[in-house]
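Visitor: Have a peek at target.cif (mmCIF, C-alpha atoms and all ligand atoms).
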```
data_structure
#
loop_
_atom_site.label_atom_id
_atom_site.label_comp_id
_atom_site.auth_asym_id
_atom_site.auth_seq_id
_atom_site.Cartn_x
_atom_site.Cartn_y
_atom_site.Cartn_z
CA MET A 1 37.81 -38.37 48.31
CA GLU A 2 41.36 -37.88 49.35
CA ASP A 3 40.90 -36.93 52.96
CA GLY A 4 42.58 -33.75 54.11
CA VAL A 5 43.88 -31.69 51.24
CA GLY A 6 46.88 -29.94 52.79
CA LEU A 7 47.33 -32.65 55.43
CA SER A 8 51.09 -32.30 55.30
CA GLN A 9 50.67 -29.17 57.35
CA ALA A 10 48.35 -30.86 59.82
CA ASN A 11 50.34 -30.11 62.91
CA CYS A 12 51.24 -26.56 61.99
CA ARG A 13 50.38 -23.78 64.37
CA ALA A 14 48.77 -20.54 63.29
CA LYS A 15 51.37 -18.06 62.17
CA GLY A 16 52.40 -15.39 64.64
CA GLY A 17 53.01 -17.68 67.60
CA SER A 18 49.39 -18.11 68.72
CA PRO A 19 48.11 -21.68 68.84
CA GLY A 20 44.76 -20.48 67.50
CA PHE A 21 41.43 -22.31 67.48
CA LYS A 22 40.12 -25.29 65.55
CA VAL A 23 37.00 -24.48 63.57
CA ALA A 24 34.73 -26.74 61.51
CA ILE A 25 32.21 -25.56 58.91
CA LEU A 26 29.44 -28.07 58.14
CA GLY A 27 27.89 -27.32 54.76
CA ALA A 28 31.16 -25.73 53.66
CA ALA A 29 30.66 -26.16 49.92
CA GLY A 30 27.36 -24.25 49.80
CA GLY A 31 26.42 -20.71 48.93
CA ILE A 32 27.20 -19.51 52.47
CA GLY A 33 29.79 -22.19 53.22
CA GLN A 34 32.28 -21.22 50.51
CA PRO A 35 32.67 -17.49 51.27
CA LEU A 36 32.45 -18.32 54.98
CA ALA A 37 35.32 -20.80 54.58
CA MET A 38 37.35 -18.22 52.68
CA LEU A 39 36.82 -15.56 55.34
CA MET A 40 37.58 -17.97 58.20
CA LYS A 41 40.82 -18.95 56.43
CA MET A 42 41.73 -15.25 56.70
CA ASN A 43 41.03 -15.12 60.45
CA PRO A 44 44.27 -15.01 62.47
CA LEU A 45 42.56 -16.68 65.45
CA VAL A 46 41.99 -19.86 63.42
CA SER A 47 44.80 -22.44 63.32
CA VAL A 48 42.89 -25.37 61.80
CA LEU A 49 39.88 -25.13 59.49
CA HIS A 50 37.85 -28.26 58.72
CA LEU A 51 35.49 -28.08 55.73
CA TYR A 52 32.73 -30.71 55.75
CA ASP A 53 29.94 -31.23 53.24
CA VAL A 54 28.11 -34.04 51.50
CA ALA A 55 29.33 -32.71 48.11
CA ASN A 56 32.20 -30.81 46.52
CA THR A 57 34.53 -30.39 49.50
CA PRO A 58 37.66 -31.62 47.66
CA GLY A 59 37.52 -28.74 45.18
CA VAL A 60 36.62 -26.08 47.72
CA THR A 61 39.35 -27.32 50.08
CA ALA A 62 42.02 -27.42 47.36
CA ASP A 63 41.08 -23.91 46.30
CA ILE A 64 41.02 -22.34 49.76
CA SER A 65 44.14 -24.17 50.93
CA HIS A 66 46.23 -22.12 48.46
CA MET A 67 45.52 -18.90 50.37
CA ASP A 68 48.71 -17.75 52.10
CA THR A 69 47.18 -17.31 55.55
CA GLY A 70 47.97 -19.21 58.74
CA ALA A 71 45.08 -21.66 59.11
CA VAL A 72 45.62 -25.24 57.96
CA VAL A 73 42.67 -26.41 55.84
CA ARG A 74 41.38 -29.97 55.61
CA GLY A 75 38.40 -31.23 53.64
CA PHE A 76 35.92 -33.95 54.63
CA LEU A 77 33.28 -35.48 52.36
CA GLY A 78 30.19 -37.42 53.35
CA PRO A 79 28.85 -38.93 56.58
CA GLN A 80 31.69 -41.43 56.92
CA GLN A 81 34.09 -38.51 57.42
CA LEU A 82 31.89 -36.44 59.73
CA GLU A 83 33.52 -37.71 62.92
CA ASP A 84 37.03 -36.92 61.66
CA ALA A 85 35.81 -33.46 60.67
CA LEU A 86 34.49 -32.79 64.18
CA THR A 87 37.04 -34.36 66.48
CA GLY A 88 38.92 -31.76 68.53
CA MET A 89 37.00 -28.72 67.26
CA ASP A 90 36.59 -25.61 69.43
CA LEU A 91 33.93 -23.99 67.25
CA VAL A 92 31.48 -25.62 64.81
CA ILE A 93 29.55 -23.44 62.35
CA ILE A 94 26.54 -25.01 60.62
CA PRO A 95 25.23 -23.51 57.37
CA ALA A 96 24.18 -26.95 56.01
CA GLY A 97 20.70 -27.25 54.57
CA VAL A 98 18.40 -26.02 51.85
CA PRO A 99 17.65 -22.33 51.28
CA ARG A 100 14.30 -20.68 50.50
CA LYS A 101 12.87 -19.95 47.08
CA PRO A 102 10.39 -17.09 46.42
CA GLY A 103 7.01 -17.77 48.02
CA MET A 104 8.42 -19.99 50.77
CA THR A 105 8.68 -19.22 54.47
CA ARG A 106 11.66 -20.34 56.54
CA ASP A 107 9.34 -22.85 58.22
CA ASP A 108 8.89 -24.55 54.84
CA LEU A 109 12.53 -25.66 55.20
CA PHE A 110 11.86 -27.39 58.50
CA ASN A 111 11.30 -30.93 57.27
CA ILE A 112 14.62 -31.18 55.41
CA ASN A 113 16.83 -28.99 57.56
CA ALA A 114 15.70 -30.36 60.93
CA GLY A 115 16.95 -33.81 59.93
CA ILE A 116 20.27 -32.41 58.67
CA VAL A 117 20.87 -30.40 61.85
CA LYS A 118 19.88 -33.38 64.01
CA THR A 119 22.44 -35.68 62.34
CA LEU A 120 25.22 -33.09 62.50
CA CYS A 121 24.52 -32.35 66.17
CA GLU A 122 24.64 -36.05 67.00
CA GLY A 123 28.16 -35.99 65.56
CA ILE A 124 29.05 -32.94 67.64
CA ALA A 125 27.71 -34.57 70.82
CA LYS A 126 29.93 -37.57 70.14
CA CYS A 127 33.14 -35.96 68.86
CA CYS A 128 33.40 -32.42 70.29
CA PRO A 129 30.77 -32.02 73.02
CA LYS A 130 32.53 -28.96 74.46
CA ALA A 131 32.60 -27.05 71.17
CA ILE A 132 30.75 -23.78 70.73
CA VAL A 133 28.06 -24.38 68.09
CA ASN A 134 26.83 -21.62 65.74
CA ILE A 135 23.62 -22.60 63.93
CA ILE A 136 22.84 -20.80 60.69
CA SER A 137 20.53 -23.38 59.04
CA ASN A 138 16.90 -22.25 58.85
CA PRO A 139 14.43 -22.05 60.42
CA VAL A 140 16.78 -20.90 63.20
CA ASN A 141 13.78 -20.48 65.55
CA SER A 142 13.33 -24.28 65.29
CA THR A 143 16.77 -25.70 64.42
CA VAL A 144 18.30 -24.32 67.63
CA PRO A 145 15.69 -26.01 69.89
CA ILE A 146 16.23 -29.19 67.85
CA ALA A 147 19.98 -29.03 68.44
CA ALA A 148 19.29 -28.54 72.15
CA GLU A 149 17.07 -31.66 72.20
CA VAL A 150 19.78 -33.70 70.49
CA PHE A 151 22.39 -32.54 73.00
CA LYS A 152 20.02 -33.19 75.92
CA MET A 153 19.39 -36.72 74.71
CA ALA A 154 23.16 -37.26 74.42
CA GLY A 155 23.70 -35.79 77.91
CA THR A 156 25.98 -33.05 76.58
CA PHE A 157 23.68 -30.02 76.52
CA ASP A 158 25.33 -26.84 77.76
CA PRO A 159 23.06 -23.87 76.99
CA ARG A 160 26.08 -21.55 76.99
CA ARG A 161 27.59 -23.31 73.97
CA LEU A 162 24.62 -23.37 71.58
CA LEU A 163 23.96 -20.15 69.64
CA GLY A 164 21.58 -19.45 66.78
CA VAL A 165 23.14 -16.92 64.42
CA THR A 166 20.94 -13.82 64.09
CA MET A 167 23.86 -11.54 63.24
CA LEU A 168 22.57 -10.91 59.72
CA ASP A 169 19.56 -9.15 61.23
CA VAL A 170 21.93 -6.86 63.16
CA VAL A 171 24.10 -6.30 60.07
CA ARG A 172 21.02 -5.37 58.02
CA ALA A 173 19.66 -3.15 60.79
CA ASN A 174 22.97 -1.28 61.05
CA THR A 175 23.03 -0.80 57.27
CA PHE A 176 19.43 0.37 56.85
CA VAL A 177 19.54 2.67 59.91
CA ALA A 178 22.81 4.20 58.71
CA GLU A 179 21.21 4.87 55.32
CA VAL A 180 18.33 6.74 56.94
CA LEU A 181 20.61 8.72 59.27
CA GLY A 182 23.31 9.41 56.68
CA LEU A 183 25.95 7.71 58.88
CA ASP A 184 28.74 5.23 58.28
CA PRO A 185 27.16 1.81 59.11
CA ARG A 186 30.29 0.89 61.05
CA GLU A 187 29.38 3.59 63.56
CA VAL A 188 25.88 2.21 64.13
CA ASP A 189 24.89 -0.56 66.53
CA VAL A 190 21.28 -1.74 66.56
CA PRO A 191 20.26 -4.47 69.02
CA VAL A 192 17.91 -6.97 67.33
CA VAL A 193 16.12 -9.38 69.65
CA GLY A 194 13.43 -12.10 69.46
CA GLY A 195 14.07 -14.63 66.73
CA HIS A 196 14.99 -14.96 63.07
CA ALA A 197 11.79 -14.88 60.99
CA GLY A 198 9.27 -12.13 60.16
CA VAL A 199 7.74 -10.46 63.21
CA THR A 200 10.02 -12.40 65.56
CA ILE A 201 12.87 -10.18 64.30
CA LEU A 202 12.54 -7.20 66.63
CA PRO A 203 14.97 -4.29 66.15
CA LEU A 204 15.18 -2.07 69.22
CA LEU A 205 15.54 1.27 67.46
CA SER A 206 15.13 3.13 70.75
CA GLN A 207 18.41 1.61 71.96
CA ILE A 208 20.69 2.20 69.00
CA LYS A 209 24.15 3.65 69.30
CA PRO A 210 24.70 6.50 68.67
CA PRO A 211 21.45 7.55 70.37
CA CYS A 212 18.94 9.13 67.97
CA SER A 213 15.25 9.25 67.34
CA PHE A 214 13.04 8.36 64.37
CA THR A 215 9.69 9.56 63.10
CA PRO A 216 6.85 7.01 63.27
CA ALA A 217 7.14 6.59 59.47
CA GLU A 218 10.89 5.93 59.72
CA THR A 219 10.34 3.44 62.55
CA GLU A 220 7.71 1.61 60.51
CA TYR A 221 9.89 1.57 57.37
CA LEU A 222 13.02 0.39 59.20
CA THR A 223 11.29 -2.30 61.24
CA SER A 224 9.54 -3.71 58.19
CA ARG A 225 12.70 -3.64 56.04
CA ILE A 226 14.78 -5.35 58.73
CA GLN A 227 12.09 -8.00 59.30
CA ASN A 228 11.80 -8.67 55.57
CA GLY A 229 15.47 -8.37 54.60
CA GLY A 230 15.77 -12.10 53.94
CA THR A 231 12.72 -12.09 51.67
CA GLU A 232 14.09 -9.04 49.82
CA VAL A 233 17.18 -11.09 48.88
CA VAL A 234 15.21 -14.29 48.12
CA GLU A 235 13.00 -12.36 45.69
CA ALA A 236 15.93 -10.55 44.08
CA LYS A 237 17.71 -13.89 43.54
CA ALA A 238 14.50 -15.17 41.90
CA GLY A 239 14.88 -18.86 42.68
CA ALA A 240 18.68 -18.98 42.93
CA GLY A 241 18.70 -19.14 46.74
CA SER A 242 18.81 -16.73 49.65
CA ALA A 243 21.41 -14.45 51.22
CA THR A 244 24.86 -16.02 51.00
CA LEU A 245 27.51 -13.29 50.82
CA SER A 246 26.05 -10.97 53.46
CA MET A 247 25.36 -14.08 55.56
CA ALA A 248 28.94 -15.29 55.26
CA TYR A 249 30.08 -11.81 56.33
CA ALA A 250 27.68 -11.86 59.30
CA ALA A 251 28.64 -15.44 60.23
CA VAL A 252 32.33 -14.53 60.27
CA LYS A 253 31.65 -11.44 62.36
CA PHE A 254 29.78 -13.61 64.84
CA ALA A 255 32.27 -16.50 64.80
CA ASP A 256 35.11 -14.02 65.33
CA ALA A 257 33.28 -12.67 68.39
CA CYS A 258 32.92 -16.24 69.71
CA LEU A 259 36.65 -16.86 69.20
CA HIS A 260 37.58 -13.62 70.97
CA GLY A 261 35.34 -14.75 73.83
CA LEU A 262 37.02 -18.17 73.88
CA ARG A 263 40.39 -16.41 74.02
CA GLY A 264 39.23 -14.59 77.13
CA ASP A 265 38.85 -11.10 75.70
CA ALA A 266 36.66 -8.81 77.81
CA SER A 267 33.35 -7.18 76.86
CA ILE A 268 32.46 -9.22 73.77
CA VAL A 269 28.74 -8.55 73.37
CA GLU A 270 26.59 -9.63 70.40
CA CYS A 271 22.98 -10.58 69.75
CA ALA A 272 22.21 -14.30 69.40
CA PHE A 273 19.28 -16.74 69.66
CA VAL A 274 20.05 -18.73 72.78
CA SER A 275 18.51 -20.84 75.50
CA SER A 276 17.51 -17.95 77.71
CA GLN A 277 16.07 -20.22 80.41
CA ALA A 278 13.17 -17.83 80.71
CA CYS A 279 15.43 -15.08 82.10
CA VAL A 280 14.65 -12.59 79.31
CA THR A 281 11.06 -13.62 78.55
CA GLU A 282 9.01 -16.65 79.55
CA LEU A 283 10.17 -18.41 76.36
CA PRO A 284 12.85 -21.12 76.43
CA PHE A 285 14.80 -19.62 73.48
CA PHE A 286 15.09 -15.96 72.63
CA ALA A 287 17.54 -13.71 70.80
CA SER A 288 19.03 -10.99 72.93
CA ARG A 289 22.33 -9.34 73.69
CA VAL A 290 24.75 -11.79 75.25
CA ARG A 291 28.29 -11.52 76.57
CA LEU A 292 30.62 -14.11 75.09
CA GLY A 293 33.50 -15.66 77.01
CA ARG A 294 35.58 -18.78 77.52
CA ASN A 295 32.47 -20.95 77.89
CA GLY A 296 30.35 -19.35 75.20
CA VAL A 297 27.42 -17.32 76.56
CA GLU A 298 28.60 -15.96 79.92
CA GLU A 299 25.78 -13.49 80.47
CA ILE A 300 22.38 -12.78 78.95
CA TYR A 301 21.28 -9.17 79.13
CA PRO A 302 17.70 -8.08 79.82
CA LEU A 303 15.87 -6.30 77.01
CA GLY A 304 16.14 -2.89 78.65
CA PRO A 305 13.54 -0.13 78.40
CA LEU A 306 11.23 -0.52 75.38
CA ASN A 307 8.97 2.11 73.86
CA GLU A 308 5.32 1.44 73.12
CA TYR A 309 6.00 0.39 69.50
CA GLU A 310 8.63 -2.11 70.67
CA ARG A 311 6.44 -3.45 73.49
CA SER A 312 3.73 -4.19 70.95
CA GLY A 313 6.31 -5.78 68.61
CA LEU A 314 7.59 -7.89 71.50
CA GLU A 315 4.13 -9.31 72.16
CA LYS A 316 3.78 -10.28 68.47
CA ALA A 317 7.26 -11.81 68.45
CA LYS A 318 6.61 -13.82 71.61
CA LYS A 319 3.27 -15.12 70.31
CA GLU A 320 4.91 -16.29 67.09
CA LEU A 321 7.94 -17.78 68.86
CA ALA A 322 5.72 -19.66 71.31
CA THR A 323 4.01 -21.50 68.47
CA ARG A 324 7.34 -22.20 66.74
CA ALA A 325 8.92 -23.43 69.97
CA LEU A 326 6.30 -26.14 70.37
CA LYS A 327 6.59 -27.51 66.86
CA PRO A 328 10.18 -28.71 66.88
CA SER A 329 10.01 -30.23 70.33
CA ARG A 330 6.95 -32.24 69.28
CA ASP A 331 8.50 -33.16 65.94
CA ILE A 332 11.88 -33.99 67.40
CA ARG A 333 10.33 -36.46 69.81
CA ILE A 334 8.72 -38.15 66.84
CA SER A 335 11.86 -38.19 64.74
CA LEU A 336 14.46 -39.05 67.37
P1 LIG B 401 23.18 -24.00 49.75
O1 LIG B 401 22.19 -24.95 49.20
O2 LIG B 401 23.89 -23.11 48.79
O3 LIG B 401 24.28 -24.76 50.59
C1 LIG B 401 23.94 -25.71 51.56
C2 LIG B 401 25.05 -26.71 51.65
O4 LIG B 401 24.68 -27.67 52.65
C3 LIG B 401 25.29 -27.50 50.33
O5 LIG B 401 26.65 -27.44 49.97
C4 LIG B 401 24.86 -28.91 50.69
O6 LIG B 401 25.62 -29.91 50.01
C5 LIG B 401 25.13 -28.93 52.18
N1 LIG B 401 24.44 -30.00 52.87
C6 LIG B 401 23.21 -30.51 52.64
N2 LIG B 401 22.97 -31.54 53.48
C7 LIG B 401 24.08 -31.66 54.25
C8 LIG B 401 24.44 -32.54 55.30
N3 LIG B 401 23.62 -33.49 55.73
N4 LIG B 401 25.65 -32.38 55.87
C9 LIG B 401 26.48 -31.40 55.46
N5 LIG B 401 26.21 -30.55 54.46
C10 LIG B 401 25.00 -30.68 53.88
O7 LIG B 401 22.40 -23.11 50.86
P2 LIG B 401 22.90 -21.75 51.53
O8 LIG B 401 22.47 -20.61 50.73
O9 LIG B 401 24.33 -21.89 51.88
O10 LIG B 401 22.00 -21.75 52.88
C11 LIG B 401 22.19 -22.72 53.86
C12 LIG B 401 21.20 -22.54 55.00
O11 LIG B 401 21.44 -21.30 55.68
C13 LIG B 401 19.74 -22.49 54.56
O12 LIG B 401 18.97 -23.25 55.46
C14 LIG B 401 19.38 -21.02 54.68
O13 LIG B 401 18.02 -20.81 54.86
C15 LIG B 401 20.20 -20.63 55.88
N6 LIG B 401 20.43 -19.19 56.04
C16 LIG B 401 20.40 -18.70 57.31
C17 LIG B 401 20.64 -17.36 57.52
C18 LIG B 401 20.61 -16.80 58.91
O14 LIG B 401 20.57 -15.58 59.07
N7 LIG B 401 20.67 -17.61 59.96
C19 LIG B 401 20.94 -16.52 56.44
C20 LIG B 401 20.99 -17.06 55.17
C21 LIG B 401 20.73 -18.42 54.97
C1 LIG B 402 17.98 -14.41 55.72
O1 LIG B 402 17.50 -13.74 56.62
O2 LIG B 402 18.50 -13.90 54.72
C2 LIG B 402 17.98 -15.91 55.82
O3 LIG B 402 17.24 -16.33 56.93
C3 LIG B 402 17.58 -16.60 54.57
C4 LIG B 402 16.12 -16.46 54.23
O4 LIG B 402 15.51 -17.47 53.89
O5 LIG B 402 15.60 -15.35 54.28
#
```
Represent the structure contained in this file as structure tokens.
Guide:
Amino acid sequence: MEDGVGLSQANCRAKGGSPGFKVAILGAAGGIGQPLAMLMKMNPLVSVLHLYDVANTPGVTADISHMDTGAVVRGFLGPQQLEDALTGMDLVIIPAGVPRKPGMTRDDLFNINAGIVKTLCEGIAKCCPKAIVNIISNPVNSTVPIAAEVFKMAGTFDPRRLLGVTMLDVVRANTFVAEVLGLDPREVDVPVVGGHAGVTILPLLSQIKPPCSFTPAETEYLTSRIQNGGTEVVEAKAGAGSATLSMAYAAVKFADACLHGLRGDASIVECAFVSSQACVTELPFFASRVRLGRNGVEEIYPLGPLNEYERSGLEKAKKELATRALKPSRDIRISL
């Protein structure tokens, strides 16, 4: 491959006088990667956008580089170009890996995706150890602990900089709740905590903004639909993959929040699956509301008051997450 389509602009700054941030997408030619790359190219906070994949990056890079927005785009193909793709990056977004087909669970992706995430994180530890890392590859409940193990082994682990992306659960929750309430989804904010699979996805409907209440039937319907949103898309796509467009939208929303935090903006709060160091629950990793800042996760918020339905959901989520948390750490020791 010809490295760096658009390299002539390599030293350009983002338009508008801001130096902007350097962002890499690993898995950039995939179903999520392509729309994600397009949307990140439109983000005024991005000055340099590196697109890495093991296939098809030249075409995707050539295509996206024609967009008349500020970010300079460069493409990187294959493991021999991974280090160039990562060097100097402020934010690395990882949607690399295989998606589900109908009948599969996210855990069925573990064997392939764990190895992919491990290799990519080894590159991050070597080339941009201070970067904020957004992990999208499934199963997020396991790939994030794996990334943490890789960084620990490399001596670069900073729990503030490693974030599993659960934003799609929040995006879905906002949409489905708005439908039930007859509101504009942009006015709705539903915290979703726990993890990113089945019962580990725990929407806190008692804490939504604007405040409102639901009947038991509505609570049951909404919780189940939010927990099974991924499967709804997998089944509708009937073998052609899982959520890509809504995921790219959610990933950009989350990455944009990370960049605003890096810039030093105040009060940037989103839900993410992070190393909670047992401060939210007794579990080592848990999704909760976090405040983002110059170092990534600056503050992890407690879960707040839960109703009885949510307390019961939390117990189920914790039980499931506890079993998932053990698997990768055992497997990673074997594979590392
Ligand atoms: P896809 O198959 O369309 O794209 C994956 C891309 O990863 C491909 O372009 C492939 O070439 C690339 N890839 C494979 N191995 C690689 C490697 N070693 N290095 C770099 N790139 C590599 O899949 P997709 O639909 O984009 O989904 C990607 C992942 O995201 C899946 O694991 C899926 O389950 C997950 N996902 C997560 C969420 C979430 O909410 N966190 C939502 C949707 C999908
Ligand atoms: C999702 O929630 O859409 C993703 O995790 C993909 C999947 O496999 O469901």
Visitor: Would you mind listing the residues within 6 Å of ligand LIG 401 (chain B), counting all atoms listed in the file, as an MDAnalysis selection string?
Guide: chainID A and resid 26:27 29:33 53:55 95:100 116 136:138 165:166 168 241:244 247
Visitor: Separation of CA of Ala178 (chain A) and CA of Gly229 (chain A), in Å?
Guide: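 Separating CA of Ala178 (chain A) from CA of Gly229 (chain A) is a distance of 15.1 Å.
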Visitor: Enter the distance from CA of Glu315 (chain A) to CA of Phe110 (chain A), in Å, rounded to one decimal.
Guide: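 Atom-to-atom, CA of Glu315 (chain A) to CA of Phe110 (chain A), that is 23.9 Å.
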Visitor: With distances taken over all atoms listed in the file, which residue among A:Ala197, A:Val180, A:Met89, A:Leu205 lies nearest Pro139 (chain A)?
Guide: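 Going through A:Ala197, A:Val180, A:Met89, A:Leu205 one by one, the smallest distance to Pro139 (chain A) is for A:Ala197.
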Visitor: Which distance in Å separates CA of Gly164 (chain A) and CA of Ala147 (chain A), to one decimal?
Guide: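 Rounded to one decimal, the two atoms are 9.9 Å apart.
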Visitor: I'd like to know which of A:Cys258, A:Val48, A:Val177, A:Met40 is closest to Gly88 (chain A), using all atoms listed in the file.
Guide: A:Val48
Visitor: Please return region 308-325 of chain A, rebuilt to N, CA and C atoms, as a PDB file, keeping the file's coordinate frame.
Guide:
```pdb
ATOM      1  N   GLU A 308       6.612   2.099  73.320  1.00  0.00           N
ATOM      2  CA  GLU A 308       5.320   1.440  73.120  1.00  0.00           C
ATOM      3  C   GLU A 308       5.311   0.589  71.842  1.00  0.00           C
ATOM      4  N   TYR A 309       5.926   1.114  70.778  1.00  0.00           N
ATOM      5  CA  TYR A 309       6.000   0.390  69.500  1.00  0.00           C
ATOM      6  C   TYR A 309       6.740  -0.948  69.698  1.00  0.00           C
ATOM      7  N   GLU A 310       7.834  -0.895  70.443  1.00  0.00           N
ATOM      8  CA  GLU A 310       8.630  -2.110  70.670  1.00  0.00           C
ATOM      9  C   GLU A 310       7.910  -3.083  71.594  1.00  0.00           C
ATOM     10  N   ARG A 311       7.194  -2.558  72.593  1.00  0.00           N
ATOM     11  CA  ARG A 311       6.440  -3.450  73.490  1.00  0.00           C
ATOM     12  C   ARG A 311       5.385  -4.221  72.709  1.00  0.00           C
ATOM     13  N   SER A 312       4.734  -3.519  71.780  1.00  0.00           N
ATOM     14  CA  SER A 312       3.730  -4.190  70.950  1.00  0.00           C
ATOM     15  C   SER A 312       4.403  -5.212  70.031  1.00  0.00           C
ATOM     16  N   GLY A 313       5.555  -4.842  69.461  1.00  0.00           N
ATOM     17  CA  GLY A 313       6.310  -5.780  68.610  1.00  0.00           C
ATOM     18  C   GLY A 313       6.756  -7.001  69.403  1.00  0.00           C
ATOM     19  N   LEU A 314       7.133  -6.774  70.657  1.00  0.00           N
ATOM     20  CA  LEU A 314       7.590  -7.890  71.500  1.00  0.00           C
ATOM     21  C   LEU A 314       6.456  -8.890  71.728  1.00  0.00           C
ATOM     22  N   GLU A 315       5.262  -8.389  71.951  1.00  0.00           N
ATOM     23  CA  GLU A 315       4.130  -9.310  72.160  1.00  0.00           C
ATOM     24  C   GLU A 315       3.901 -10.162  70.911  1.00  0.00           C
ATOM     25  N   LYS A 316       3.970  -9.513  69.723  1.00  0.00           N
ATOM     26  CA  LYS A 316       3.780 -10.280  68.470  1.00  0.00           C
ATOM     27  C   LYS A 316       4.897 -11.308  68.315  1.00  0.00           C
ATOM     28  N   ALA A 317       6.117 -10.902  68.599  1.00  0.00           N
ATOM     29  CA  ALA A 317       7.260 -11.810  68.450  1.00  0.00           C
ATOM     30  C   ALA A 317       7.115 -13.006  69.385  1.00  0.00           C
ATOM     31  N   LYS A 318       6.716 -12.740  70.630  1.00  0.00           N
ATOM     32  CA  LYS A 318       6.610 -13.820  71.610  1.00  0.00           C
ATOM     33  C   LYS A 318       5.512 -14.809  71.222  1.00  0.00           C
ATOM     34  N   LYS A 319       4.388 -14.252  70.720  1.00  0.00           N
ATOM     35  CA  LYS A 319       3.270 -15.120  70.310  1.00  0.00           C
ATOM     36  C   LYS A 319       3.731 -16.063  69.201  1.00  0.00           C
ATOM     37  N   GLU A 320       4.427 -15.496  68.235  1.00  0.00           N
ATOM     38  CA  GLU A 320       4.910 -16.290  67.090  1.00  0.00           C
ATOM     39  C   GLU A 320       5.959 -17.319  67.553  1.00  0.00           C
ATOM     40  N   LEU A 321       6.884 -16.877  68.390  1.00  0.00           N
ATOM     41  CA  LEU A 321       7.940 -17.780  68.860  1.00  0.00           C
ATOM     42  C   LEU A 321       7.364 -18.913  69.707  1.00  0.00           C
ATOM     43  N   ALA A 322       6.317 -18.622  70.459  1.00  0.00           N
ATOM     44  CA  ALA A 322       5.720 -19.660  71.310  1.00  0.00           C
ATOM     45  C   ALA A 322       5.163 -20.787  70.450  1.00  0.00           C
ATOM     46  N   THR A 323       4.540 -20.444  69.331  1.00  0.00           N
ATOM     47  CA  THR A 323       4.010 -21.500  68.470  1.00  0.00           C
ATOM     48  C   THR A 323       5.146 -22.263  67.798  1.00  0.00           C
ATOM     49  N   ARG A 324       6.196 -21.538  67.398  1.00  0.00           N
ATOM     50  CA  ARG A 324       7.340 -22.200  66.740  1.00  0.00           C
ATOM     51  C   ARG A 324       8.081 -23.097  67.733  1.00  0.00           C
ATOM     52  N   ALA A 325       8.157 -22.663  68.978  1.00  0.00           N
ATOM     53  CA  ALA A 325       8.920 -23.430  69.970  1.00  0.00           C
ATOM     54  C   ALA A 325       8.295 -24.777  70.230  1.00  0.00           C
TER      55      ALA A 325
END
```
